[in-house]
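> The file below is structure-v8.txt, compact mmCIF, C-alpha atoms:
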```
# COMPACT_ATOMS: atom_id res chain seq x y z
CA MET M 283 219.72 92.08 108.99
CA THR M 284 221.94 92.04 105.92
CA TYR M 285 221.12 94.30 102.99
CA VAL M 286 222.38 92.89 99.68
CA ARG M 287 222.77 94.36 96.22
CA GLY M 288 224.67 92.13 93.83
CA ALA M 289 228.08 91.41 95.36
CA GLU M 290 227.80 94.22 97.89
CA GLN M 291 226.21 93.91 101.30
CA VAL M 292 225.97 95.68 104.63
CA GLU M 293 224.81 94.70 108.11
CA ILE M 294 222.10 97.10 109.34
CA ALA M 295 219.99 97.34 112.47
CA ALA M 296 216.33 97.26 111.45
CA THR M 297 212.91 97.41 113.04
CA ILE M 298 210.16 95.23 111.65
CA GLY M 299 207.46 97.67 110.60
CA ARG M 300 204.79 95.23 109.54
CA THR M 301 204.41 91.61 108.62
CA LYS M 302 201.37 90.24 106.87
CA TYR M 303 200.58 86.93 105.24
CA GLU M 304 198.47 87.57 102.18
CA THR M 305 196.92 85.84 99.23
CA ASP M 306 196.77 87.35 95.81
CA ASP M 307 193.95 85.95 93.71
CA GLY M 308 193.70 88.76 91.23
CA THR M 309 193.95 86.25 88.40
CA ALA M 310 192.93 82.64 87.96
CA VAL M 311 196.12 81.70 89.77
CA ARG M 312 196.55 82.34 93.47
CA VAL M 313 199.93 83.20 94.96
CA GLU M 314 200.47 83.37 98.71
CA PHE M 315 203.17 85.56 100.17
CA THR M 316 204.56 87.13 103.32
CA ASP M 317 204.75 90.88 103.13
CA ARG M 318 207.24 92.57 105.49
CA ASP M 319 208.35 96.18 106.00
CA PHE M 320 211.77 96.97 107.44
CA LEU M 321 212.53 100.34 109.05
CA VAL M 322 216.19 101.34 108.85
CA LEU M 323 218.17 104.54 109.28
CA ALA M 324 218.87 106.02 105.86
CA ALA M 325 222.45 106.83 106.90
CA ASP M 326 223.12 103.15 107.63
CA LEU M 327 222.42 101.99 104.09
CA VAL M 328 225.96 102.19 102.80
CA LEU M 329 227.00 100.05 99.85
CA GLY M 330 230.43 100.27 98.26
CA GLY M 331 231.35 103.08 100.63
CA THR M 332 228.43 105.28 99.53
CA VAL M 333 225.14 106.03 101.22
CA THR M 334 222.51 104.79 98.82
CA GLU M 335 218.75 104.43 98.46
CA PRO M 336 217.01 101.06 98.15
CA GLU M 337 216.36 99.62 94.70
CA ARG M 338 213.66 97.21 93.53
CA GLY M 339 215.21 93.73 93.44
CA ASP M 340 217.67 94.27 96.30
CA LEU M 341 217.66 91.53 98.93
CA ILE M 342 217.33 91.60 102.70
CA ARG M 343 218.52 88.57 104.66
CA GLU M 344 217.21 88.00 108.15
CA GLY M 345 218.70 84.83 109.56
CA MET M 346 218.08 82.19 106.92
CA ARG M 347 215.12 84.01 105.42
CA GLU M 348 215.47 86.10 102.30
CA PHE M 349 213.22 89.01 101.33
CA GLU M 350 213.11 90.93 98.05
CA VAL M 351 212.76 94.71 98.00
CA LEU M 352 209.75 95.79 95.96
CA ASP M 353 209.20 99.38 97.09
CA TRP M 354 210.43 101.91 99.62
CA ARG M 355 209.80 105.42 100.92
CA TYR M 356 211.04 107.74 103.62
CA SER M 357 208.92 107.28 106.71
CA ASP M 358 209.46 110.76 108.13
CA PRO M 359 209.61 114.30 106.72
CA TYR M 360 213.29 114.64 107.66
CA ARG M 361 214.37 111.65 105.57
CA VAL M 362 216.01 109.97 108.53
CA THR M 363 214.28 106.62 108.34
CA LEU M 364 213.52 104.40 105.35
CA ARG M 365 210.50 102.11 105.19
CA ILE M 366 211.46 99.25 102.86
CA SER M 367 208.62 97.03 101.63
CA THR M 368 209.60 93.44 100.83
CA LYS M 369 208.18 90.02 100.12
CA HIS M 370 209.57 86.75 101.42
CA ILE M 371 211.11 84.80 98.55
CA GLY M 372 212.60 81.82 100.36
CA ALA M 373 215.62 80.61 102.27
CA VAL M 374 219.09 82.02 101.83
CA THR M 375 221.01 80.00 99.28
CA PRO M 376 224.23 78.74 100.91
CA MET T 14 187.02 59.51 86.83
CA PRO T 15 185.25 62.68 85.65
CA LEU T 16 185.64 63.46 81.95
CA ILE T 17 187.25 66.85 82.61
CA THR T 18 189.95 65.38 84.87
CA GLN T 19 190.67 62.68 82.29
CA VAL T 20 191.26 65.45 79.78
CA ALA T 21 193.38 67.42 82.27
CA ASP T 22 195.50 64.36 83.02
CA ALA T 23 195.98 63.79 79.28
CA VAL T 24 197.13 67.42 78.95
CA VAL T 25 199.63 66.86 81.79
CA ALA T 26 200.90 63.70 80.08
CA ALA T 27 201.26 65.51 76.75
CA LEU T 28 203.17 68.38 78.35
CA ASN T 29 205.52 66.09 80.25
CA ALA T 30 206.18 63.93 77.17
CA ALA T 31 207.11 66.91 75.01
CA THR T 32 210.29 68.98 74.85
CA PHE T 33 209.96 72.73 75.21
CA SER T 34 212.46 75.58 75.20
CA GLN T 35 212.57 75.43 79.01
CA PRO T 36 212.30 72.21 81.03
CA PHE T 37 209.43 71.73 83.50
CA THR T 38 207.23 69.06 85.01
CA ALA T 39 203.55 69.90 84.76
CA THR T 40 201.16 68.89 87.53
CA ARG T 41 197.38 68.87 87.81
CA ALA T 42 195.62 70.76 90.59
CA TYR T 43 192.09 71.80 91.47
CA VAL T 44 193.31 75.12 92.88
CA PRO T 45 196.40 76.65 91.25
CA GLN T 46 197.84 77.85 94.52
CA CYS T 47 201.45 78.22 95.57
CA GLU T 48 203.72 80.26 97.79
CA LEU T 49 206.08 82.83 96.34
CA PRO T 50 209.30 80.95 97.25
CA ASP T 51 207.99 77.91 95.34
CA LEU T 52 208.06 79.94 92.13
CA LYS T 53 211.84 80.31 91.98
CA ALA T 54 211.63 77.23 89.76
CA LEU T 55 209.44 77.32 86.64
CA LYS T 56 205.98 76.00 87.57
CA VAL T 57 203.37 74.74 85.13
CA THR T 58 199.98 73.84 86.58
CA VAL T 59 197.07 72.24 84.72
CA VAL T 60 193.63 73.02 86.11
CA PRO T 61 190.20 71.82 84.96
CA SER T 62 188.38 75.05 84.17
CA SER T 63 184.90 74.55 82.72
CA ALA T 64 182.76 72.20 80.68
CA SER T 65 179.66 72.49 78.54
CA VAL T 66 177.50 69.83 76.93
CA THR T 67 175.35 70.31 73.82
CA ALA T 68 173.46 67.96 71.55
CA ALA T 69 175.50 66.46 68.73
CA GLY T 70 172.75 64.59 66.91
CA ARG T 71 170.08 62.23 68.16
CA GLY T 72 172.23 60.22 70.51
CA PRO T 73 175.65 61.61 71.23
CA ALA T 74 176.52 64.80 73.05
CA GLN T 75 179.25 67.32 72.35
CA HIS T 76 181.39 68.02 75.42
CA ASP T 77 183.55 71.13 75.30
CA VAL T 78 186.08 70.89 78.10
CA ALA T 79 188.25 73.87 79.01
CA ILE T 80 191.62 73.34 80.68
CA ASP T 81 193.74 76.15 82.13
CA ILE T 82 197.51 75.90 81.96
CA ALA T 83 199.33 78.34 84.24
CA VAL T 84 202.97 79.17 83.54
CA GLN T 85 204.66 80.89 86.48
CA GLN T 86 208.12 81.88 87.59
CA LYS T 87 209.67 84.33 90.04
CA ILE T 88 211.92 86.61 88.06
CA ASP T 89 215.12 88.51 88.91
CA SER T 90 214.54 91.25 86.37
CA GLU T 91 211.59 92.85 84.62
CA GLN T 92 213.56 93.35 81.43
CA ASN T 93 212.26 92.02 78.11
CA ALA T 94 215.19 89.59 77.95
CA THR T 95 213.84 87.86 81.06
CA LEU T 96 210.14 87.99 80.25
CA ASP T 97 210.18 87.20 76.52
CA PRO T 98 211.32 83.56 76.96
CA LEU T 99 208.54 82.93 79.49
CA LEU T 100 205.86 84.36 77.24
CA ALA T 101 207.36 82.38 74.37
CA LEU T 102 207.03 79.23 76.46
CA ALA T 103 203.33 79.93 77.02
CA GLU T 104 202.93 80.32 73.26
CA GLU T 105 204.86 77.10 72.64
CA ILE T 106 202.54 75.26 75.01
CA ALA T 107 199.49 76.67 73.25
CA GLU T 108 200.88 75.76 69.84
CA HIS T 109 201.76 72.23 70.97
CA PHE T 110 198.09 71.29 71.22
CA ARG T 111 196.68 73.12 68.20
CA ALA T 112 194.63 70.96 65.82
CA LYS T 113 195.63 67.74 67.57
CA ARG T 114 194.04 64.97 69.56
CA LEU T 115 195.42 64.22 73.02
CA SER T 116 197.62 61.15 72.59
CA THR T 117 196.58 59.49 75.86
CA PHE T 118 192.90 60.40 75.48
CA THR T 119 192.25 60.36 71.76
CA ASP T 120 188.54 61.16 72.07
CA ALA T 121 189.58 64.74 72.90
CA LEU T 122 190.21 66.97 69.90
CA TRP T 123 191.58 70.50 70.32
CA SER T 124 189.03 73.14 69.32
CA ARG T 125 190.16 76.47 70.77
CA THR T 126 193.02 78.29 72.49
CA GLU T 127 192.67 81.48 74.50
CA PHE T 128 195.24 83.39 76.52
CA THR T 129 193.03 84.03 79.54
CA ALA T 130 195.88 86.06 81.02
CA LEU T 131 198.61 86.71 78.48
CA TYR T 132 200.54 87.87 81.51
CA ALA T 133 199.36 89.23 84.84
CA PRO T 134 200.64 92.82 85.26
CA GLU T 135 199.72 92.84 88.95
CA HIS T 136 201.91 89.79 89.58
CA LEU T 137 204.81 91.50 87.82
CA GLU T 138 204.34 94.69 89.79
CA GLN T 139 203.49 93.37 93.22
CA LEU T 140 205.27 90.01 93.29
CA ARG T 141 207.93 90.32 90.58
CA THR T 142 206.50 87.10 89.23
CA PHE T 143 205.53 86.12 85.71
CA THR T 144 202.12 84.48 85.38
CA SER T 145 200.50 83.48 82.11
CA VAL T 146 197.34 81.40 81.77
CA VAL T 147 196.47 79.56 78.56
CA THR T 148 193.00 78.07 78.28
CA LEU T 149 192.65 75.14 75.90
CA THR T 150 189.26 73.80 74.91
CA PHE T 151 188.91 70.20 73.75
CA ARG T 152 185.85 68.69 72.08
CA ILE T 153 184.68 65.17 72.85
CA ILE T 154 181.69 63.57 71.14
CA ARG T 155 180.18 60.71 73.09
```
Kindly transcribe the structure held in the file into structure tokens.

Amino acid sequence: MTYVRGAEQVEIAATIGRTKYETDDGTAVRVEFTDRDFLVLAADLVLGGTVTEPERGDLIREGMREFEVLDWRYSDPYRVTLRISTKHIGAVTP
Amino acid sequence: MPLITQVADAVVAALNAATFSQPFTATRAYVPQCELPDLKALKVTVVPSSASVTAAGRGPAQHDVAIDIAVQQKIDSEQNATLDPLLALAEEIAEHFRAKRLSTFTDALWSRTEFTALYAPEHLEQLRTFTSVVTLTFRIIR
């Protein structure tokens, strides 16, 4: 997958941690969404030559599908692997 | 056609005939349901919400018809500069109907505006999406 922040991007190997299709009806208006977690090695997330941590609003592109980063955490006590929580926001804009 | 959907259609017509600070095409729906990718473009949905009927004299009845208008958009930033214009649009929509009759259904006279959800914090937090719901109540005597 491709991890994107602004004009910077990096190709990273990722494992799909979880994919769920959910409906939010917490208000009068219902929004349906696909919720997906990506597991990546923290050392692989290098943007602009620097190892970085995910930020809310970053994008992950998997094929033609685009996901927005909403949250993240380390998935192990040694901080080797990141679990990045995203929501599908549509197709990649050419 | 049911009275409440006639009113909802008249609200849609009024919204689409007017000019607001941000362009949109309003649609009517029974269930205001959409998928997250659909919200990249500003979406305004008009939904019949509730109706009550009370006596208005010996013969006629007073119908109070509530219509929800949902304003939604996926946002790139949670900064005030992004959110303020969307909330302003919801206010513009509310103000557009105040103290007026619906031009394509003149029996309906505005009687009340309520921001059912000024904005939905859970949509901002979990979906990075702005959602505001304005409920307009129109009175019809017939």
> Write down, as a list of chain:residue names, each residue of chain M that has any atom within 6 Å of an atom of chain T, counting all atoms listed in the file.
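Residues passing the distance filter: M:Val311, M:Arg312, M:Val313, M:Glu314, M:Phe315, M:Ile371, M:Gly372.
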> With C-alpha atoms retained, export the selected residues as a tab-separated table (two decimals), in the coordinates of the input.

```tsv
chain	number	residue	atom	x	y	z
M	311	VAL	CA	196.12	81.70	89.77
M	312	ARG	CA	196.55	82.34	93.47
M	313	VAL	CA	199.93	83.20	94.96
M	314	GLU	CA	200.47	83.37	98.71
M	315	PHE	CA	203.17	85.56	100.17
M	371	ILE	CA	211.11	84.80	98.55
M	372	GLY	CA	212.60	81.82	100.36
```
> Show which residues sit within 10 Å of M:Thr375, as a list of chain:residue names. Count all atoms listed in the file, and ignore same-chain residues fewer than 3 positions away.
M:Met346, M:Arg347, M:Glu348, M:Gly372
> For each of M:Asp319, M:Phe349, M:Arg287, M:Thr301, take the minimum atom-to-atom distance to M:Pro336, counting all atoms listed in the file, then give the residue where this is smallest.
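Distance minimum relative to M:Pro336 lands on M:Arg287.
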> What gap, in Å, lies between atom CA of T:Ala31 and atom CA of T:Lys56?
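Atom-to-atom, atom CA of T:Ala31 to atom CA of T:Lys56, that is 15.5 Å.
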> Determine, counting all atoms listed in the file, which protein, DNA and RNA residues have an atom within 12 Å of an atom of stretch 105-107 of chain T; residues of the same chain fewer than 3 positions away are not included. Present the result as number ranges by chain.
T: 24-25, 27-29, 31-37, 39, 57-59, 80-84, 98-102, 110-113, 123-129, 131, 145-150
> Find the spatial neighbours of stretch 361-369 of chain M, counting all atoms listed in the file, within a cut-off of 7 Å - ignore same-chain residues fewer than 3 positions away - and output them as JSON, numbers by chain.
{"M": [315, 316, 317, 318, 319, 320, 321, 322, 323, 324, 349, 350, 351, 352, 353, 354, 355, 356, 357, 358]}
> With all atoms listed in the file as the atoms that count, which of T:Ala42, T:Ala121, T:Ala94, T:Ala30 lies nearest to T:Phe151?
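Going through T:Ala42, T:Ala121, T:Ala94, T:Ala30 one by one, the smallest distance to T:Phe151 is for T:Ala121.
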> Please indicate the distance in Å from atom CA of M:Gln291 to atom CA of M:Gly331, rounded to one decimal place.
10.5 Å
> For stretch 354-372 of chain M of the block above, can you save N, CA and C atoms as a tab-separated table (two decimals), in the first residue's frame?

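Printed below is decode_16.tsv as written:
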```tsv
chain	number	residue	atom	x	y	z
M	354	TRP	N	-4.35	5.71	15.52
M	354	TRP	CA	-3.31	4.69	15.43
M	354	TRP	C	-2.78	4.39	16.82
M	355	ARG	N	-2.08	3.27	16.95
M	355	ARG	CA	-1.39	2.94	18.19
M	355	ARG	C	-0.35	1.88	17.86
M	356	TYR	N	0.61	1.73	18.78
M	356	TYR	CA	1.55	0.62	18.62
M	356	TYR	C	0.82	-0.66	19.01
M	357	SER	N	1.06	-1.72	18.27
M	357	SER	CA	0.33	-2.96	18.55
M	357	SER	C	1.14	-3.94	19.39
M	358	ASP	N	2.34	-3.52	19.80
M	358	ASP	CA	3.15	-4.41	20.63
M	358	ASP	C	3.95	-3.56	21.62
M	359	PRO	N	4.40	-4.16	22.71
M	359	PRO	CA	5.09	-3.37	23.75
M	359	PRO	C	6.47	-2.87	23.30
M	360	TYR	N	6.98	-3.42	22.21
M	360	TYR	CA	8.32	-3.03	21.77
M	360	TYR	C	8.27	-1.93	20.69
M	361	ARG	N	7.09	-1.49	20.36
M	361	ARG	CA	6.89	-0.42	19.38
M	361	ARG	C	7.49	-0.78	18.02
M	362	VAL	N	7.30	-2.01	17.64
M	362	VAL	CA	7.80	-2.48	16.34
M	362	VAL	C	6.73	-2.31	15.26
M	363	THR	N	5.50	-2.58	15.66
M	363	THR	CA	4.41	-2.58	14.68
M	363	THR	C	3.36	-1.53	15.03
M	364	LEU	N	2.90	-0.84	13.98
M	364	LEU	CA	1.83	0.15	14.15
M	364	LEU	C	0.50	-0.45	13.71
M	365	ARG	N	-0.54	-0.20	14.46
M	365	ARG	CA	-1.90	-0.52	14.01
M	365	ARG	C	-2.56	0.80	13.64
M	366	ILE	N	-2.84	0.98	12.36
M	366	ILE	CA	-3.39	2.26	11.86
M	366	ILE	C	-4.86	2.04	11.52
M	367	SER	N	-5.73	2.77	12.19
M	367	SER	CA	-7.18	2.64	11.97
M	367	SER	C	-7.64	3.66	10.93
M	368	THR	N	-8.35	3.18	9.94
M	368	THR	CA	-8.77	4.05	8.82
M	368	THR	C	-10.24	3.83	8.48
M	369	LYS	N	-10.75	4.74	7.66
M	369	LYS	CA	-12.07	4.55	7.07
M	369	LYS	C	-11.97	4.79	5.57
M	370	HIS	N	-12.69	3.97	4.82
M	370	HIS	CA	-12.68	4.10	3.36
M	370	HIS	C	-13.38	5.40	2.97
M	371	ILE	N	-12.71	6.20	2.15
M	371	ILE	CA	-13.31	7.49	1.77
M	371	ILE	C	-13.52	7.61	0.27
M	372	GLY	N	-13.24	6.53	-0.49
M	372	GLY	CA	-13.55	6.58	-1.91
M	372	GLY	C	-12.42	6.08	-2.77
```
